[in-house]
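File shown: input18.txt (compact mmCIF, C-alpha atoms).
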# COMPACT_ATOMS: atom_id res chain seq x y z
CA MET A 1 -12.15 77.49 18.47
CA ARG A 2 -14.85 74.82 18.29
CA THR A 3 -14.98 75.15 14.49
CA SER A 4 -11.23 74.64 14.22
CA SER A 5 -11.44 71.45 16.32
CA CYS A 6 -14.16 70.02 14.11
CA VAL A 7 -12.14 70.75 10.97
CA ASN A 8 -9.09 69.07 12.45
CA TYR A 9 -11.19 66.03 13.38
CA TYR A 10 -12.60 65.63 9.86
CA VAL A 11 -9.17 66.10 8.32
CA LEU A 12 -7.77 63.38 10.60
CA CYS A 13 -10.60 60.97 9.64
CA LEU A 14 -10.00 61.68 5.95
CA VAL A 15 -6.28 60.96 6.30
CA CYS A 16 -6.98 57.69 8.13
CA TRP A 17 -9.49 56.60 5.49
CA VAL A 18 -7.03 57.34 2.67
CA LEU A 19 -4.25 55.46 4.43
CA LEU A 20 -6.48 52.42 5.04
CA GLY A 21 -7.61 52.41 1.44
CA ILE A 22 -4.06 52.56 0.15
CA THR A 23 -3.03 49.76 2.49
CA GLY A 24 -5.95 47.58 1.40
CA VAL A 25 -5.25 48.06 -2.29
CA SER A 26 -1.59 47.39 -1.67
CA THR A 27 -2.34 44.19 0.24
CA ARG A 28 -4.67 42.82 -2.45
CA SER A 29 -2.22 43.71 -5.20
CA HIS A 30 0.55 41.95 -3.30
CA SER A 31 -1.65 38.88 -2.92
CA LEU A 32 -2.32 38.69 -6.63
CA VAL A 33 1.33 39.16 -7.53
CA LYS A 34 2.39 36.49 -5.03
CA ARG A 35 -0.12 34.00 -6.40
CA PHE A 36 0.64 34.35 -10.08
CA SER A 37 4.32 35.24 -10.15
CA GLY A 38 7.46 33.20 -9.70
CA VAL A 39 8.21 29.75 -11.15
CA TYR A 40 4.52 28.99 -11.80
CA PRO A 41 2.71 32.04 -13.21
CA GLY A 42 -0.45 29.96 -13.83
CA PRO A 43 -2.08 26.68 -12.68
CA TYR A 44 0.20 23.81 -11.69
CA ILE A 45 -0.21 20.38 -10.12
CA ASP A 46 1.25 19.89 -6.65
CA ALA A 47 4.21 17.52 -6.78
CA ARG A 48 3.13 15.96 -3.46
CA ASN A 49 0.05 14.36 -5.02
CA MET A 50 -0.45 10.66 -4.33
CA THR A 51 0.16 8.33 -7.27
CA ASN A 52 -1.22 5.10 -5.76
CA VAL A 53 -4.38 4.54 -3.74
CA THR A 54 -5.02 1.09 -2.24
CA VAL A 55 -8.42 0.17 -0.83
CA GLN A 56 -10.27 -2.97 0.16
CA LEU A 57 -13.16 -4.41 -1.82
CA ASN A 58 -16.51 -2.68 -1.11
CA THR A 59 -14.91 0.35 0.60
CA HIS A 60 -14.73 3.96 -0.67
CA ALA A 61 -11.71 5.16 -2.68
CA TYR A 62 -10.67 8.83 -2.83
CA LEU A 63 -8.31 9.73 -5.68
CA PRO A 64 -6.74 13.16 -4.97
CA CYS A 65 -5.57 15.79 -7.43
CA LYS A 66 -4.16 18.90 -5.74
CA VAL A 67 -4.01 21.87 -8.14
CA ARG A 68 -2.51 25.26 -7.27
CA GLN A 69 -3.49 28.63 -8.79
CA ILE A 70 -6.25 27.03 -10.84
CA GLY A 71 -7.99 30.33 -11.53
CA ASN A 72 -10.93 29.77 -13.89
CA LYS A 73 -9.63 26.51 -15.39
CA SER A 74 -11.59 23.24 -15.28
CA VAL A 75 -10.56 19.89 -13.82
CA SER A 76 -11.55 16.66 -15.55
CA TRP A 77 -11.25 13.01 -14.52
CA VAL A 78 -10.65 10.42 -17.24
CA ARG A 79 -10.53 6.62 -16.88
CA THR A 80 -7.36 5.64 -18.74
CA ARG A 81 -8.30 2.14 -19.89
CA ASP A 82 -11.16 3.35 -22.13
CA ASP A 83 -10.60 7.15 -22.17
CA HIS A 84 -14.04 7.61 -20.61
CA ILE A 85 -14.58 11.12 -19.23
CA LEU A 86 -15.98 10.57 -15.74
CA ALA A 87 -16.32 14.15 -14.53
CA VAL A 88 -15.66 17.79 -15.41
CA ASP A 89 -15.45 19.86 -12.24
CA ARG A 90 -18.47 18.60 -10.23
CA THR A 91 -20.50 17.39 -13.23
CA ILE A 92 -20.55 13.58 -13.68
CA PHE A 93 -20.54 12.00 -17.16
CA ILE A 94 -21.06 8.33 -16.29
CA ALA A 95 -24.26 6.46 -15.47
CA ASP A 96 -22.61 4.70 -12.52
CA ASP A 97 -23.64 6.76 -9.47
CA ARG A 98 -20.75 5.35 -7.43
CA PHE A 99 -18.52 8.00 -9.05
CA GLN A 100 -18.53 11.53 -7.62
CA SER A 101 -16.26 14.58 -7.92
CA HIS A 102 -15.55 16.79 -4.91
CA PHE A 103 -13.54 19.97 -4.37
CA TYR A 104 -11.90 20.79 -1.03
CA ASP A 105 -11.18 24.52 -0.97
CA LYS A 106 -8.84 24.50 2.04
CA THR A 107 -6.39 22.15 0.33
CA ASN A 108 -7.10 23.09 -3.32
CA THR A 109 -7.81 19.42 -3.98
CA TRP A 110 -10.15 17.88 -6.54
CA SER A 111 -11.01 14.33 -5.48
CA LEU A 112 -12.64 11.54 -7.49
CA LEU A 113 -14.72 9.37 -5.19
CA VAL A 114 -15.35 5.73 -6.13
CA LYS A 115 -17.91 4.31 -3.72
CA TYR A 116 -17.93 0.60 -2.86
CA ALA A 117 -14.88 -0.06 -5.04
CA GLN A 118 -14.92 -3.29 -7.02
CA LYS A 119 -12.09 -5.25 -8.61
CA ARG A 120 -13.22 -4.02 -12.03
CA ASP A 121 -12.56 -0.42 -10.91
CA GLU A 122 -8.84 -1.13 -10.55
CA GLY A 123 -6.57 0.80 -12.92
CA GLU A 124 -5.32 4.30 -13.74
CA TYR A 125 -7.34 7.52 -13.56
CA GLU A 126 -6.07 10.81 -15.02
CA CYS A 127 -6.75 14.25 -13.58
CA GLN A 128 -6.58 16.84 -16.39
CA ILE A 129 -6.40 20.65 -16.20
CA SER A 130 -7.85 22.65 -19.10
CA THR A 131 -4.65 24.59 -19.83
CA GLU A 132 -2.73 24.87 -23.07
CA PRO A 133 -0.75 22.65 -23.15
CA LYS A 134 -2.78 20.27 -20.99
CA LEU A 135 -1.62 19.50 -17.45
CA SER A 136 -2.36 16.03 -16.07
CA HIS A 137 -1.73 13.77 -13.11
CA THR A 138 -2.30 9.98 -13.00
CA VAL A 139 -3.50 8.08 -9.94
CA ARG A 140 -3.52 4.28 -9.87
CA LEU A 141 -6.31 2.58 -7.94
CA ILE A 142 -5.56 -0.84 -6.42
CA VAL A 143 -8.46 -2.90 -5.02
CA ILE A 144 -7.53 -5.65 -2.57
CA VAL A 145 -9.89 -8.65 -2.43
CA PRO A 146 -9.66 -10.49 0.92
CA GLN A 147 -9.63 -14.29 0.90
CA ILE A 148 -12.39 -15.99 2.90
CA GLU A 149 -12.21 -19.71 3.61
CA ILE A 150 -13.77 -22.28 5.91
CA LEU A 151 -10.87 -24.64 6.53
CA GLY A 152 -11.31 -28.26 5.49
CA ASP A 153 -13.58 -30.03 3.02
CA LYS A 154 -16.69 -28.45 1.56
CA ASP A 155 -18.67 -31.50 2.76
CA ARG A 156 -18.26 -32.62 6.39
CA TYR A 157 -19.44 -36.03 7.67
CA VAL A 158 -19.68 -36.58 11.43
CA LYS A 159 -21.38 -39.05 13.77
CA THR A 160 -24.33 -38.15 15.93
CA GLY A 161 -23.16 -36.79 19.26
CA SER A 162 -19.89 -35.42 17.91
CA THR A 163 -18.46 -31.97 18.64
CA VAL A 164 -18.08 -30.05 15.37
CA ILE A 165 -15.73 -27.07 14.93
CA LEU A 166 -15.98 -24.94 11.78
CA GLN A 167 -13.14 -22.41 11.37
CA CYS A 168 -13.57 -19.44 9.04
CA VAL A 169 -10.41 -17.45 8.19
CA VAL A 170 -10.30 -14.01 6.55
CA LYS A 171 -6.90 -13.36 4.93
CA ASN A 172 -5.33 -10.51 2.95
CA SER A 173 -7.63 -7.95 4.53
CA LEU A 174 -6.73 -4.26 4.94
CA GLU A 175 -9.51 -3.70 7.44
CA ILE A 176 -10.52 -5.97 10.29
CA PRO A 177 -14.18 -7.04 9.87
CA PHE A 178 -16.56 -5.31 12.29
CA TYR A 179 -18.34 -8.64 12.70
CA VAL A 180 -18.44 -12.21 11.35
CA PHE A 181 -21.90 -13.77 11.10
CA TRP A 182 -22.56 -17.52 10.99
CA LEU A 183 -25.72 -18.76 9.33
CA HIS A 184 -27.38 -22.20 9.25
CA GLN A 185 -29.74 -22.62 6.30
CA GLU A 186 -29.70 -18.77 5.94
CA ARG A 187 -30.71 -18.26 9.61
CA GLN A 188 -28.25 -16.30 11.76
CA LEU A 189 -26.71 -18.28 14.61
CA PHE A 190 -26.07 -17.07 18.15
CA ASP A 191 -24.36 -18.51 21.20
CA ARG A 192 -26.45 -21.19 22.92
CA LYS A 193 -25.11 -22.41 26.24
CA GLY A 194 -24.15 -26.06 26.12
CA LYS A 195 -24.99 -26.37 22.43
CA MET A 196 -23.27 -23.73 20.30
CA ASN A 197 -20.71 -20.95 20.68
CA ILE A 198 -18.99 -18.52 18.31
CA GLN A 199 -15.53 -17.05 18.93
CA THR A 200 -13.95 -14.44 16.65
CA LYS A 201 -10.41 -13.09 17.10
CA LEU A 202 -7.27 -11.89 15.32
CA ILE A 203 -4.66 -14.53 14.52
CA ASP A 204 -1.50 -13.74 16.50
CA GLY A 205 1.20 -11.94 14.52
CA THR A 206 -1.03 -11.29 11.49
CA ASN A 207 -3.88 -9.07 10.35
CA ASP A 208 -5.98 -12.17 9.60
CA THR A 209 -9.26 -12.87 11.39
CA SER A 210 -10.43 -16.29 12.59
CA SER A 211 -14.00 -17.12 13.58
CA ASN A 212 -14.77 -20.53 15.10
CA LEU A 213 -18.26 -22.03 15.26
CA THR A 214 -18.46 -24.93 17.74
CA ILE A 215 -21.48 -27.27 17.79
CA HIS A 216 -21.73 -29.63 20.76
CA ASN A 217 -23.54 -32.98 20.66
CA ALA A 218 -24.39 -32.66 16.96
CA GLY A 219 -27.66 -34.21 15.84
CA PRO A 220 -29.48 -34.70 12.52
CA GLU A 221 -31.17 -31.32 13.00
CA ASP A 222 -27.71 -29.72 12.75
CA SER A 223 -27.17 -31.02 9.22
CA GLY A 224 -27.28 -28.51 6.37
CA ASN A 225 -25.53 -25.49 4.92
CA TYR A 226 -23.32 -23.33 7.16
CA THR A 227 -22.25 -19.88 5.91
CA CYS A 228 -19.49 -17.59 7.19
CA ARG A 229 -20.32 -13.95 6.34
CA PRO A 230 -17.86 -11.18 7.40
CA SER A 231 -18.90 -7.53 7.20
CA ASN A 232 -18.45 -5.84 3.78
CA LEU A 233 -17.12 -9.08 2.25
CA ASP A 234 -18.36 -12.05 0.29
CA SER A 235 -19.40 -15.20 2.14
CA THR A 236 -18.35 -18.86 1.96
CA SER A 237 -20.21 -22.06 2.89
CA VAL A 238 -19.83 -25.75 3.76
CA GLN A 239 -22.28 -28.64 4.04
CA LEU A 240 -22.49 -30.57 7.31
CA HIS A 241 -23.85 -34.15 7.33
CA VAL A 242 -24.63 -35.67 10.72
CA LEU A 243 -24.87 -39.48 10.34
CA ASN A 244 -26.73 -41.91 12.56
CA GLY A 245 -24.18 -44.69 12.00
CA GLU A 246 -26.22 -47.10 9.86
CA HIS A 247 -25.30 -47.13 6.18
CA PRO A 248 -23.73 -43.71 5.56
CA ALA A 249 -25.10 -42.25 2.36
CA ALA A 250 -21.91 -40.24 1.95
CA ILE A 251 -19.81 -43.37 1.62
CA GLN A 252 -22.27 -45.03 -0.74
CA ARG A 253 -22.31 -41.92 -2.96
CA GLY A 254 -18.53 -41.79 -3.05
CA ILE A 255 -17.92 -45.46 -3.89
CA SER A 256 -18.59 -45.12 -7.61
CA SER A 257 -15.97 -42.35 -7.89
CA VAL A 258 -13.13 -44.49 -6.50
CA PRO A 259 -11.34 -46.11 -9.48
CA GLY A 260 -10.87 -49.87 -9.25
CA CYS A 261 -12.60 -50.13 -5.85
CA CYS A 262 -14.79 -53.06 -4.94
CA ARG A 263 -18.14 -51.76 -3.66
CA PHE A 264 -18.30 -54.53 -1.09
CA LEU A 265 -14.84 -53.63 0.22
CA CYS A 266 -15.57 -49.90 0.47
CA TRP A 267 -18.85 -50.52 2.28
CA PHE A 268 -17.10 -52.57 4.95
CA ALA A 269 -14.38 -49.94 5.36
CA GLY A 270 -17.01 -47.29 6.06
CA ALA A 271 -19.01 -49.52 8.40
CA LEU A 272 -15.86 -50.39 10.33
CA SER A 273 -15.04 -46.72 10.92
CA LEU A 274 -18.54 -45.98 12.27
CA THR A 275 -18.93 -49.03 14.52
CA ALA A 276 -18.47 -48.35 18.21
CA SER A 277 -18.54 -51.97 19.52
CA GLU A 278 -15.15 -53.68 19.80
CA SER A 279 -16.64 -57.14 19.03
CA GLU A 280 -18.36 -55.84 15.92
CA ARG A 281 -15.14 -54.14 14.83
CA GLY A 282 -13.27 -57.44 15.15
CA ARG A 283 -15.88 -59.33 13.15
CA LEU A 284 -15.98 -56.68 10.44
CA CYS A 285 -12.19 -56.57 10.34
CA GLY A 286 -12.11 -60.29 9.56
CA LEU A 287 -14.66 -59.88 6.81
CA LEU A 288 -12.65 -56.95 5.46
CA LEU A 289 -9.51 -59.09 5.18
CA VAL A 290 -11.44 -61.86 3.40
CA SER A 291 -12.94 -59.33 1.01
CA LEU A 292 -9.49 -57.90 0.34
CA ALA A 293 -8.14 -61.36 -0.47
CA VAL A 294 -11.02 -62.02 -2.86
CA ALA A 295 -10.50 -58.66 -4.57
CA LEU A 296 -6.77 -59.27 -5.01
CA THR A 297 -7.41 -62.77 -6.37
CA GLN A 298 -9.84 -61.41 -8.95
CA THR A 299 -7.37 -58.72 -9.92
CA TYR A 300 -4.33 -60.91 -10.52
CA LEU A 301 -5.93 -64.10 -12.01
CA PRO A 302 -5.34 -64.25 -15.81
CA THR A 303 -8.40 -63.54 -17.87
CA THR A 304 -7.46 -66.19 -20.45
CA GLY A 305 -5.65 -69.50 -20.13
CA PRO A 306 -2.10 -70.15 -21.36
CA ALA A 307 -1.40 -70.87 -24.97
CA TRP A 308 -0.94 -74.61 -24.45
CA TYR A 309 -4.36 -74.78 -22.73
CA ARG A 310 -6.09 -73.21 -25.74
Translate this file's structure into structure tokens.
Amino acid sequence: MRTSSCVNYYVLCLVCWVLLGITGVSTRSHSLVKRFSGVYPGPYIDARNMTNVTVQLNTHAYLPCKVRQIGNKSVSWVRTRDDHILAVDRTIFIADDRFQSHFYDKTNTWSLLVKYAQKRDEGEYECQISTEPKLSHTVRLIVIVPQIEILGDKDRYVKTGSTVILQCVVKNSLEIPFYVFWLHQERQLFDRKGKMNIQTKLIDGTNDTSSNLTIHNAGPEDSGNYTCRPSNLDSTSVQLHVLNGEHPAAIQRGISSVPGCCRFLCWFAGALSLTASESERGRLCGLLLVSLAVALTQTYLPTTGPAWYR
């Protein structure tokens, strides 16, 4: 009786093992048939692949190429403008280490990574599959270069004691800067109560960033180069000249560049604008009018006498 039970038990185990084996083989066979049968019996490129990738200057660009049923085929990345082979599978064939090739198994995606993308990287990149005939997919990389500007002239002239406001604007930016640094003579500036403050904010209704540097009671020590430096972007600078109010060097330097201008007249115009006393302004204004009359007389008097005089 006990022997019969043991035999029945072993027979039942054998039947279960056979059934499980058949089921497993059947499942794997079904998987293979499902993967390589139908409209695409071999590798094919997913129609939902992106064709354009837009990134900001100095950020990372990922160019995707989703390939189905790739099997044992290779994937290559080629830069279209010069037909340079950048990568085959994960092997890189360019000296520029900013380029890398990655494979994401869950999505069957080969991705070309361009680190710290530059404007020169812009263009078309082709993903190629080593089939016969060749399968390929083109991705266009667009690199946006934000515009950075300190509003106003590159050279600023102010009187001692003035309040100076420098406004730096970042336009055409895909990403808001994490920070905007201000530097004076390459030294980073910070808020100083009663003397200096920095305010950075988004401009209403836009994706542009504005950063204002305000200097109170400007003195000669505040003269020099001021630089606006947003994160991950180039910088821009202006020169600030704080004048004491005597004979402004800026005006004297600029006189020679004004065509047809009397040096004496230009000097008085600059002195008048920097004079705080009302009495001195009146006196200088009179001298300015006399100088203007002299200049006009010299301009319109004939250089030679009339014919009958000669």
Among A:Val238, A:Leu183, A:Val139, A:Leu174, Asp208 (chain A) is approached most closely, using all atoms listed in the file, by A:Leu174
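Minimum distance to Ala47 (chain A) across A:His137, A:Arg187, A:Arg90, A:Gln147 (counting only C-alpha atoms) occurs at A:His137.
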One number please: CA of Leu202 (chain A) to CA of Val170 (chain A), in Å, one decimal.
9.5 Å
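Proximity to Ser111 (chain A) was assessed for A:Glu149, A:Asp83, A:Asp234, A:Asp89 counting all atoms listed in the file; the smallest distance is recorded for A:Asp89.
With CA of Ile215 (chain A) on one side and CA of Glu175 (chain A) on the other, the separation reads 28.4 Å.
The two atoms in question, CA of Val180 (chain A) and CA of Gln239 (chain A), are spaced 18.4 Å apart.
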Would you mind telling me which residue in A:Gln199, A:Ser130, A:Gln56, A:Asn72 lies nearest to Pro146 (chain A) when using all atoms listed in the file?
A:Gln56
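Closest approach to Leu141 (chain A) from the set A:Thr51, A:Asn244, A:Asn172, A:Asn207 is made by A:Thr51, with distances taken over all atoms listed in the file.
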Any idea what's packed within 10 Å of Leu63 (chain A), counting all atoms listed in the file, ignoring anything in its chain fewer than 4 positions away? Could you give it as number ranges by chain?
A: 49-54, 77, 101, 109-114, 125-127, 138-141
Around (-10.3, -17.7, 11.4) in the file's own coordinates, what residues are found within 6 Å if you use only C-alpha atoms, given back as a list of chain:residue names?
A:Gln167, A:Cys168, A:Val169, A:Thr209, A:Ser210, A:Ser211
Which one of A:Lys159, A:His241, A:His60, A:Lys201 sits closest to Val143 (chain A) if you count all atoms listed in the file?
A:His60
Pro43 (chain A): which residues within 10 Å, counting only C-alpha atoms, same-chain residues fewer than 4 positions away excluded, as a ChimeraX atom specification?
/A:35-36,67-73,129-131,135
Contact residues around Tyr226 (chain A) with only C-alpha atoms at 9 Å, ignoring same-chain residues under 4 positions, as a PyMOL selection string
chain A and resi 166+182-186+236-240
So which residues fall inside 9 Å of (-23.2, -30.2, 8.9) if we count all atoms listed in the file? Mind giving them as a count of residues only?
17
Write a file for region 173-200 of chain A of the given structure; include N, CA and C atoms and format it as an mmCIF file, in the first residue's frame.
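Listing of result.cif after writing:
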data_model
loop_
_atom_site.group_PDB
_atom_site.id
_atom_site.type_symbol
_atom_site.label_atom_id
_atom_site.label_comp_id
_atom_site.auth_asym_id
_atom_site.auth_seq_id
_atom_site.Cartn_x
_atom_site.Cartn_y
_atom_site.Cartn_z
ATOM 1 N N SER A 173 16.522 83.118 -23.057
ATOM 2 C CA SER A 173 17.068 82.029 -22.243
ATOM 3 C C SER A 173 16.007 80.946 -22.032
ATOM 4 N N LEU A 174 16.405 79.683 -22.257
ATOM 5 C CA LEU A 174 15.491 78.564 -22.018
ATOM 6 C C LEU A 174 15.407 78.229 -20.537
ATOM 7 N N GLU A 175 16.483 78.481 -19.818
ATOM 8 C CA GLU A 175 16.533 78.163 -18.395
ATOM 9 C C GLU A 175 16.835 79.433 -17.609
ATOM 10 N N ILE A 176 16.111 79.619 -16.518
ATOM 11 C CA ILE A 176 16.353 80.769 -15.662
ATOM 12 C C ILE A 176 17.683 80.571 -14.942
ATOM 13 N N PRO A 177 18.570 81.569 -14.937
ATOM 14 C CA PRO A 177 19.859 81.406 -14.237
ATOM 15 C C PRO A 177 19.656 81.109 -12.749
ATOM 16 N N PHE A 178 20.469 80.183 -12.228
ATOM 17 C CA PHE A 178 20.406 79.885 -10.797
ATOM 18 C C PHE A 178 20.855 81.089 -9.973
ATOM 19 N N TYR A 179 21.771 81.862 -10.534
ATOM 20 C CA TYR A 179 22.266 83.057 -9.848
ATOM 21 C C TYR A 179 22.796 84.044 -10.886
ATOM 22 N N VAL A 180 22.944 85.298 -10.478
ATOM 23 C CA VAL A 180 23.604 86.328 -11.282
ATOM 24 C C VAL A 180 24.604 87.021 -10.367
ATOM 25 N N PHE A 181 25.892 86.865 -10.659
ATOM 26 C CA PHE A 181 26.939 87.494 -9.855
ATOM 27 C C PHE A 181 27.303 88.853 -10.446
ATOM 28 N N TRP A 182 27.601 89.802 -9.569
ATOM 29 C CA TRP A 182 28.166 91.098 -9.968
ATOM 30 C C TRP A 182 29.592 91.166 -9.426
ATOM 31 N N LEU A 183 30.502 91.634 -10.277
ATOM 32 C CA LEU A 183 31.894 91.751 -9.877
ATOM 33 C C LEU A 183 32.404 93.159 -10.147
ATOM 34 N N HIS A 184 33.223 93.674 -9.235
ATOM 35 C CA HIS A 184 33.913 94.958 -9.417
ATOM 36 C C HIS A 184 35.410 94.677 -9.434
ATOM 37 N N GLN A 185 36.025 94.953 -10.587
ATOM 38 C CA GLN A 185 37.455 94.663 -10.763
ATOM 39 C C GLN A 185 37.748 93.192 -10.418
ATOM 40 N N GLU A 186 36.836 92.285 -10.900
ATOM 41 C CA GLU A 186 36.966 90.830 -10.725
ATOM 42 C C GLU A 186 36.750 90.373 -9.275
ATOM 43 N N ARG A 187 36.282 91.237 -8.391
ATOM 44 C CA ARG A 187 35.930 90.836 -7.029
ATOM 45 C C ARG A 187 34.417 90.783 -6.909
ATOM 46 N N GLN A 188 33.898 89.664 -6.379
ATOM 47 C CA GLN A 188 32.448 89.502 -6.278
ATOM 48 C C GLN A 188 31.868 90.499 -5.278
ATOM 49 N N LEU A 189 30.707 91.057 -5.657
ATOM 50 C CA LEU A 189 30.036 92.052 -4.819
ATOM 51 C C LEU A 189 28.899 91.411 -4.035
ATOM 52 N N PHE A 190 28.637 91.959 -2.857
ATOM 53 C CA PHE A 190 27.537 91.506 -2.015
ATOM 54 C C PHE A 190 26.786 92.732 -1.492
ATOM 55 N N ASP A 191 25.583 92.488 -1.015
ATOM 56 C CA ASP A 191 24.807 93.584 -0.430
ATOM 57 C C ASP A 191 25.568 94.211 0.738
ATOM 58 N N ARG A 192 25.590 95.546 0.750
ATOM 59 C CA ARG A 192 26.173 96.300 1.862
ATOM 60 C C ARG A 192 25.178 97.378 2.253
ATOM 61 N N LYS A 193 24.649 97.271 3.431
ATOM 62 C CA LYS A 193 23.588 98.172 3.884
ATOM 63 C C LYS A 193 24.020 99.628 3.784
ATOM 64 N N GLY A 194 23.167 100.416 3.097
ATOM 65 C CA GLY A 194 23.427 101.831 2.948
ATOM 66 C C GLY A 194 24.384 102.178 1.832
ATOM 67 N N LYS A 195 25.039 101.184 1.241
ATOM 68 C CA LYS A 195 26.027 101.449 0.199
ATOM 69 C C LYS A 195 25.703 100.734 -1.110
ATOM 70 N N MET A 196 25.331 99.453 -1.020
ATOM 71 C CA MET A 196 25.176 98.663 -2.248
ATOM 72 C C MET A 196 24.133 97.574 -2.032
ATOM 73 N N ASN A 197 23.278 97.369 -3.039
ATOM 74 C CA ASN A 197 22.350 96.230 -2.978
ATOM 75 C C ASN A 197 22.122 95.663 -4.366
ATOM 76 N N ILE A 198 21.857 94.352 -4.403
ATOM 77 C CA ILE A 198 21.658 93.621 -5.653
ATOM 78 C C ILE A 198 20.277 92.980 -5.615
ATOM 79 N N GLN A 199 19.500 93.173 -6.683
ATOM 80 C CA GLN A 199 18.156 92.596 -6.761
ATOM 81 C C GLN A 199 17.996 91.896 -8.100
ATOM 82 N N THR A 200 17.684 90.605 -8.060
ATOM 83 C CA THR A 200 17.514 89.805 -9.275
ATOM 84 C C THR A 200 16.098 89.245 -9.312
#
